Structures are given as C-alpha cells and as structure tokens.
Amino acid sequence: MTQFHAASRDALAASEQKLLDVVGGAAKPAVRGKAAAGPSARELGAELFSVVRLLDQEPGLRRTLGDSSAEPSRRADLLTRLLSGKVSDQALQVLVAAVGDRWSTPRELVDGLDELGRTALLVHAERENRLDAVEDELFRFGRIVAADSELERALTDRTAPADAKRSLLQTLLGDKVDAVTVELVEQLVTTPRGRSVISGLDELAAAAAQRRERSVAYVVAPVPLTDQQEERLADTLTRIYSRPIALHVEVDPDVQGGLVIKVGDEVIDGSVTGRLDELRRRLAG
C-alpha cells in the first residue's frame, strides 16, 4: 500500500473531501431542459488517471506542480492553463485543489492523484450497487495472476507497450467483469508506480472492502468452503474483530486441513502444516 508522509496524508484527506463534494454534485440528476450536471464518478476517475499518466511521463512538470516551496496559486494557475478545456470542470476543481495543497514530495502528489482516481471509480461502483462484484473480481483476478507466472510476466513487462497490455486485459476481462474493474486493473498494469501486479490487485480489493467499511480476511482452505461455512466464519470473525469482515477464500491442498486466516497483519494459522511448523520451531529451540 502507498505510504504517505504526514503533509501528504493531510493533503490527500483534503483532496478526497473535495473529490466527494464534486462527485456529489455530479451525481445530481439533470433538470429538464438543462444539461447534465457533469461527468459521472467513473468518468471523473478516468480523467484523474489520465493526468497521473501525463505526470508520470513529464518529470519536469511533476516536479513543478509538486514543489511545496512554490506559491500554491502559481502551481494551481499552471495546472489550470495546461488542462483547461482538456478535462471536465469537475476534474479540474479536484486537480486544482490537490495541486494547491502541500505534498511531501512530487511523487506523493501523483500517488495521491492516483488514489483519488481509484476512489472516484469505487464510488461509482458503490452507487451502481456493484462494489461487491468489483471487490470479488479484483481478488479473483489477483489469484489468477498469482497462479500464472507467464501472465504475470506479460503484465509487468516494462518493454511491452501500454496498448498491448490493454489489449491483453480486454481479452482476459472484457465483458466478463464490471467496467470499473477493467479500468482499475488497466491503470495498475499500465501505470504501476512501483507496485507489483499481485500486491496492487490485493490493495485494490482491500480498498473496495474499506469503501464498504469492512475489513478483508484472506482465508486459505484445503477444500472449497460451503456457503454455510463461509457465513459462519464471517460471523465469527465479525464478533472477534467487532467490525464487518469480508472473506476472500483461496483453496490450497498443501495446508492439510484447518484454515489459515490473515486479517491485516494478524495471521491465525489453524492448519495442520502451521501446527507442524510451530512444533518443529519449538523442538529446534
């Protein structure tokens, strides 16, 4: 997960609030006879992602816009001159607010814009009642990539053109998943910003779960769990952690019975393999 210094965390929080204010306005229905209020949250997210790609390609511009020693108004004016008419007014409001704030480094400014784009897309999925589906699709695709080293290499190949990676993702995902899932994965693959595909997909799935104010429990089981077993496990973990818990279950026969459960940094290892490993450590000590 992206790590921000204190100033950047404050700037990101303020920028997210601005984004949600703008998205709230964009979501209002159009009055009869008048134009629509603005782009959807999904369109706004795509615009923010396009600016992230621009700043990734233009290091001089990135440094200028992220220079905290320069006057905020000068940075905002530069961005306005550059993007006015090229992005929607709503996207420009969010971008100007972000650039006008103080970020710890230019890189963290761009990382923050990337997170804002992701948030806008997840808000769209939430409003369409598709957040559950997007979360599940991101997790499942992450497991597919983790199990296929050739696919992982193709998606992380720095010499491969971005269009080739987009084409591959369209073939793999296309109409099989939500459009928000596709856009989030495409941004991750074409503009990784130092993230691996697998960890990035896990991070996106966790962000979708957080959007619903839930935590994610990554469960490894020797055989698939029934719906009733998953429901009982989710209820148990919810009681333990005093907050709703979403399950992502992965089957691995090597665990040899029992379950391995990871919630945040905490691991509950109830597998036969885990107990044997613990016994070996005690005997060795």
# chains A, B, ... in the order shown; residues from 1 in each chain; ligands from 1

call {"tool": "residues_around", "arguments": {"residues": "Glu152 of chain A", "least_positions_apart": "2", "cutoff": "12 Å", "atoms": "only C-alpha atoms", "output": "list of chain:residue names"}}
result
A:Phe141, A:Gly142, A:Arg143, A:Ile144, A:Val145, A:Ala146, A:Ala147, A:Asp148, A:Ser149, A:Glu150, A:Ala154, A:Leu155, A:Thr156, A:Asp157, A:Arg158, A:Lys165, A:Leu168, A:Leu169, A:Val189, A:Ser196, A:Val197, A:Ile198, A:Ser199, A:Leu201

call {"tool": "residues_around", "arguments": {"residues": "segment 101-117 of chain A", "least_positions_apart": "6", "cutoff": "9 Å", "atoms": "only C-alpha atoms", "output": "tab-separated table (two decimals) with C-alpha atoms, in the first residue's frame"}}
result
chain	number	residue	atom	x	y	z
A	2	THR	CA	1.20	3.51	-0.81
A	3	GLN	CA	2.92	5.14	2.16
A	4	PHE	CA	2.49	8.90	2.57
A	5	HIS	CA	4.36	11.29	4.83
A	6	ALA	CA	2.41	13.50	7.23
A	7	ALA	CA	1.96	16.51	4.93
A	8	SER	CA	0.83	14.29	2.07
A	9	ARG	CA	-1.64	12.45	4.27
A	10	ASP	CA	-3.25	15.76	5.19
A	11	ALA	CA	-3.28	16.88	1.54
A	12	LEU	CA	-4.81	13.58	0.44
A	14	ALA	CA	-8.45	17.31	1.95
A	15	SER	CA	-8.35	16.30	-1.72
A	16	GLU	CA	-10.58	13.29	-1.08
A	19	LEU	CA	-13.50	14.86	-4.70
A	42	ARG	CA	-16.45	6.79	-13.27
A	44	LEU	CA	-14.07	11.62	-13.33
A	45	GLY	CA	-11.88	8.74	-12.18
A	46	ALA	CA	-10.76	8.08	-15.73
A	47	GLU	CA	-9.82	11.76	-16.14
A	48	LEU	CA	-7.75	11.70	-12.96
A	49	PHE	CA	-5.98	8.55	-14.14
A	51	VAL	CA	-3.48	13.13	-15.53
A	52	VAL	CA	-1.49	10.61	-13.48
A	55	LEU	CA	2.68	13.44	-14.90
A	56	ASP	CA	4.44	10.08	-14.97
A	62	ARG	CA	5.62	16.73	-11.96
A	63	ARG	CA	8.40	18.44	-10.04
A	64	THR	CA	6.98	21.90	-10.70
A	65	LEU	CA	3.45	21.02	-9.61
A	66	GLY	CA	4.68	19.14	-6.55
A	67	ASP	CA	7.17	21.81	-5.43
A	68	SER	CA	5.91	22.76	-1.97
A	69	SER	CA	8.25	25.78	-1.86
A	72	PRO	CA	0.19	27.34	-4.27
A	94	VAL	CA	-10.29	18.41	-7.84
A	95	LEU	CA	-6.89	18.74	-9.50
A	184	LEU	CA	-8.75	-0.15	-12.20
A	187	GLN	CA	-4.38	1.68	-14.61
A	193	ARG	CA	4.04	3.33	-9.92

call {"tool": "select_by_dssp", "arguments": {"residues": "segment 59-246 of chain A", "states": "strand (DSSP E or B)", "output": "list in words"}}
result
Ser84, Val87, Ser215, Val216, Ala217, Tyr218, Val219, Val220, Ala221, Ile245 and Ala246 of chain A

call {"tool": "closest_residue", "arguments": {"among": "A:Asp132, A:Glu137, A:Glu230, A:Glu278", "to": "Gln210 of chain A", "atoms": "only C-alpha atoms"}}
result
A:Asp132

call {"tool": "residues_around", "arguments": {"residues": "His124 of chain A", "least_positions_apart": "4", "cutoff": "12 Å", "atoms": "only C-alpha atoms", "output": "mmCIF file with C-alpha atoms, in the first residue's frame"}}
result
data_model
loop_
_atom_site.group_PDB
_atom_site.id
_atom_site.type_symbol
_atom_site.label_atom_id
_atom_site.label_comp_id
_atom_site.auth_asym_id
_atom_site.auth_seq_id
_atom_site.Cartn_x
_atom_site.Cartn_y
_atom_site.Cartn_z
ATOM 1 C CA LEU A 20 -16.506 13.616 -2.743
ATOM 2 C CA VAL A 23 -18.813 13.779 -7.137
ATOM 3 C CA GLY A 24 -21.844 14.551 -5.008
ATOM 4 C CA ALA A 26 -22.004 15.480 -10.405
ATOM 5 C CA ALA A 27 -24.409 12.815 -9.206
ATOM 6 C CA PRO A 39 -19.349 13.655 -15.650
ATOM 7 C CA SER A 40 -20.132 10.521 -13.700
ATOM 8 C CA ALA A 41 -17.816 9.435 -10.901
ATOM 9 C CA ARG A 42 -16.449 6.787 -13.270
ATOM 10 C CA GLU A 43 -15.658 9.388 -15.940
ATOM 11 C CA LEU A 44 -14.075 11.623 -13.331
ATOM 12 C CA GLY A 45 -11.878 8.745 -12.175
ATOM 13 C CA ALA A 46 -10.764 8.083 -15.730
ATOM 14 C CA GLY A 117 -8.959 8.310 -9.372
ATOM 15 C CA ARG A 118 -9.390 4.948 -7.692
ATOM 16 C CA THR A 119 -11.748 6.429 -5.105
ATOM 17 C CA ALA A 120 -13.904 8.017 -7.811
ATOM 18 C CA GLU A 128 -24.396 1.203 -9.023
ATOM 19 C CA ASN A 129 -24.585 -1.439 -6.265
ATOM 20 C CA ARG A 130 -21.630 -3.188 -7.901
ATOM 21 C CA LEU A 131 -18.997 -2.714 -5.212
ATOM 22 C CA VAL A 134 -15.818 -5.306 -8.212
ATOM 23 C CA ASP A 178 -17.540 -4.773 -14.385
ATOM 24 C CA ALA A 179 -16.167 -1.833 -16.381
ATOM 25 C CA VAL A 180 -14.810 -0.311 -13.152
ATOM 26 C CA THR A 181 -12.775 -3.468 -12.560
ATOM 27 C CA GLU A 183 -10.340 0.461 -15.586
ATOM 28 C CA ALA A 208 -13.156 -1.760 -2.276
ATOM 29 C CA ARG A 211 -15.230 1.547 0.925
#

call {"tool": "atom_distance", "arguments": {"atom1": "atom CA of Ala206 of chain A", "atom2": "atom CA of Leu188 of chain A"}}
result
14.4 Å

call {"tool": "atom_distance", "arguments": {"atom1": "atom CA of Glu135 of chain A", "atom2": "atom CA of Ala205 of chain A"}}
result
4.8 Å

call {"tool": "residues_around", "arguments": {"residues": "Pro222 of chain A", "least_positions_apart": "5", "cutoff": "7 Å", "atoms": "only C-alpha atoms", "output": "list in words"}}
result
Val251, Asp252, Pro253, Asp254, Val255, Gln256 and Gly257 of chain A

call {"tool": "write_last_selection", "arguments": {"atoms": "N, CA and C atoms", "output": "mmCIF file, in the first residue's frame"}}
result
data_model
loop_
_atom_site.group_PDB
_atom_site.id
_atom_site.type_symbol
_atom_site.label_atom_id
_atom_site.label_comp_id
_atom_site.auth_asym_id
_atom_site.auth_seq_id
_atom_site.Cartn_x
_atom_site.Cartn_y
_atom_site.Cartn_z
ATOM 1 N N VAL A 251 -8.225 -21.781 -2.237
ATOM 2 C CA VAL A 251 -8.058 -23.210 -1.956
ATOM 3 C C VAL A 251 -6.615 -23.624 -2.208
ATOM 4 N N ASP A 252 -6.011 -24.270 -1.202
ATOM 5 C CA ASP A 252 -4.642 -24.773 -1.314
ATOM 6 C C ASP A 252 -4.543 -26.094 -0.543
ATOM 7 N N PRO A 253 -4.504 -27.225 -1.252
ATOM 8 C CA PRO A 253 -4.446 -28.526 -0.573
ATOM 9 C C PRO A 253 -3.239 -28.675 0.347
ATOM 10 N N ASP A 254 -2.208 -27.869 0.140
ATOM 11 C CA ASP A 254 -0.989 -28.002 0.952
ATOM 12 C C ASP A 254 -1.193 -27.627 2.415
ATOM 13 N N VAL A 255 -2.279 -26.928 2.733
ATOM 14 C CA VAL A 255 -2.487 -26.567 4.141
ATOM 15 C C VAL A 255 -2.876 -27.789 4.980
ATOM 16 N N GLN A 256 -3.312 -28.878 4.333
ATOM 17 C CA GLN A 256 -3.540 -30.170 5.005
ATOM 18 C C GLN A 256 -4.495 -30.072 6.179
ATOM 19 N N GLY A 257 -5.642 -29.520 5.949
ATOM 20 C CA GLY A 257 -6.656 -29.444 6.995
ATOM 21 C C GLY A 257 -6.601 -28.145 7.766
#

call {"tool": "atom_distance", "arguments": {"atom1": "atom CA of Val216 of chain A", "atom2": "atom CA of Glu250 of chain A"}}
result
13.0 Å

call {"tool": "select_by_dssp", "arguments": {"residues": "segment 121-264 of chain A", "states": "alpha helix (DSSP H)", "output": "ChimeraX atom specification"}}
result
/A:121-127,131-146,149-156,162-172,179-190,197-211,227-241
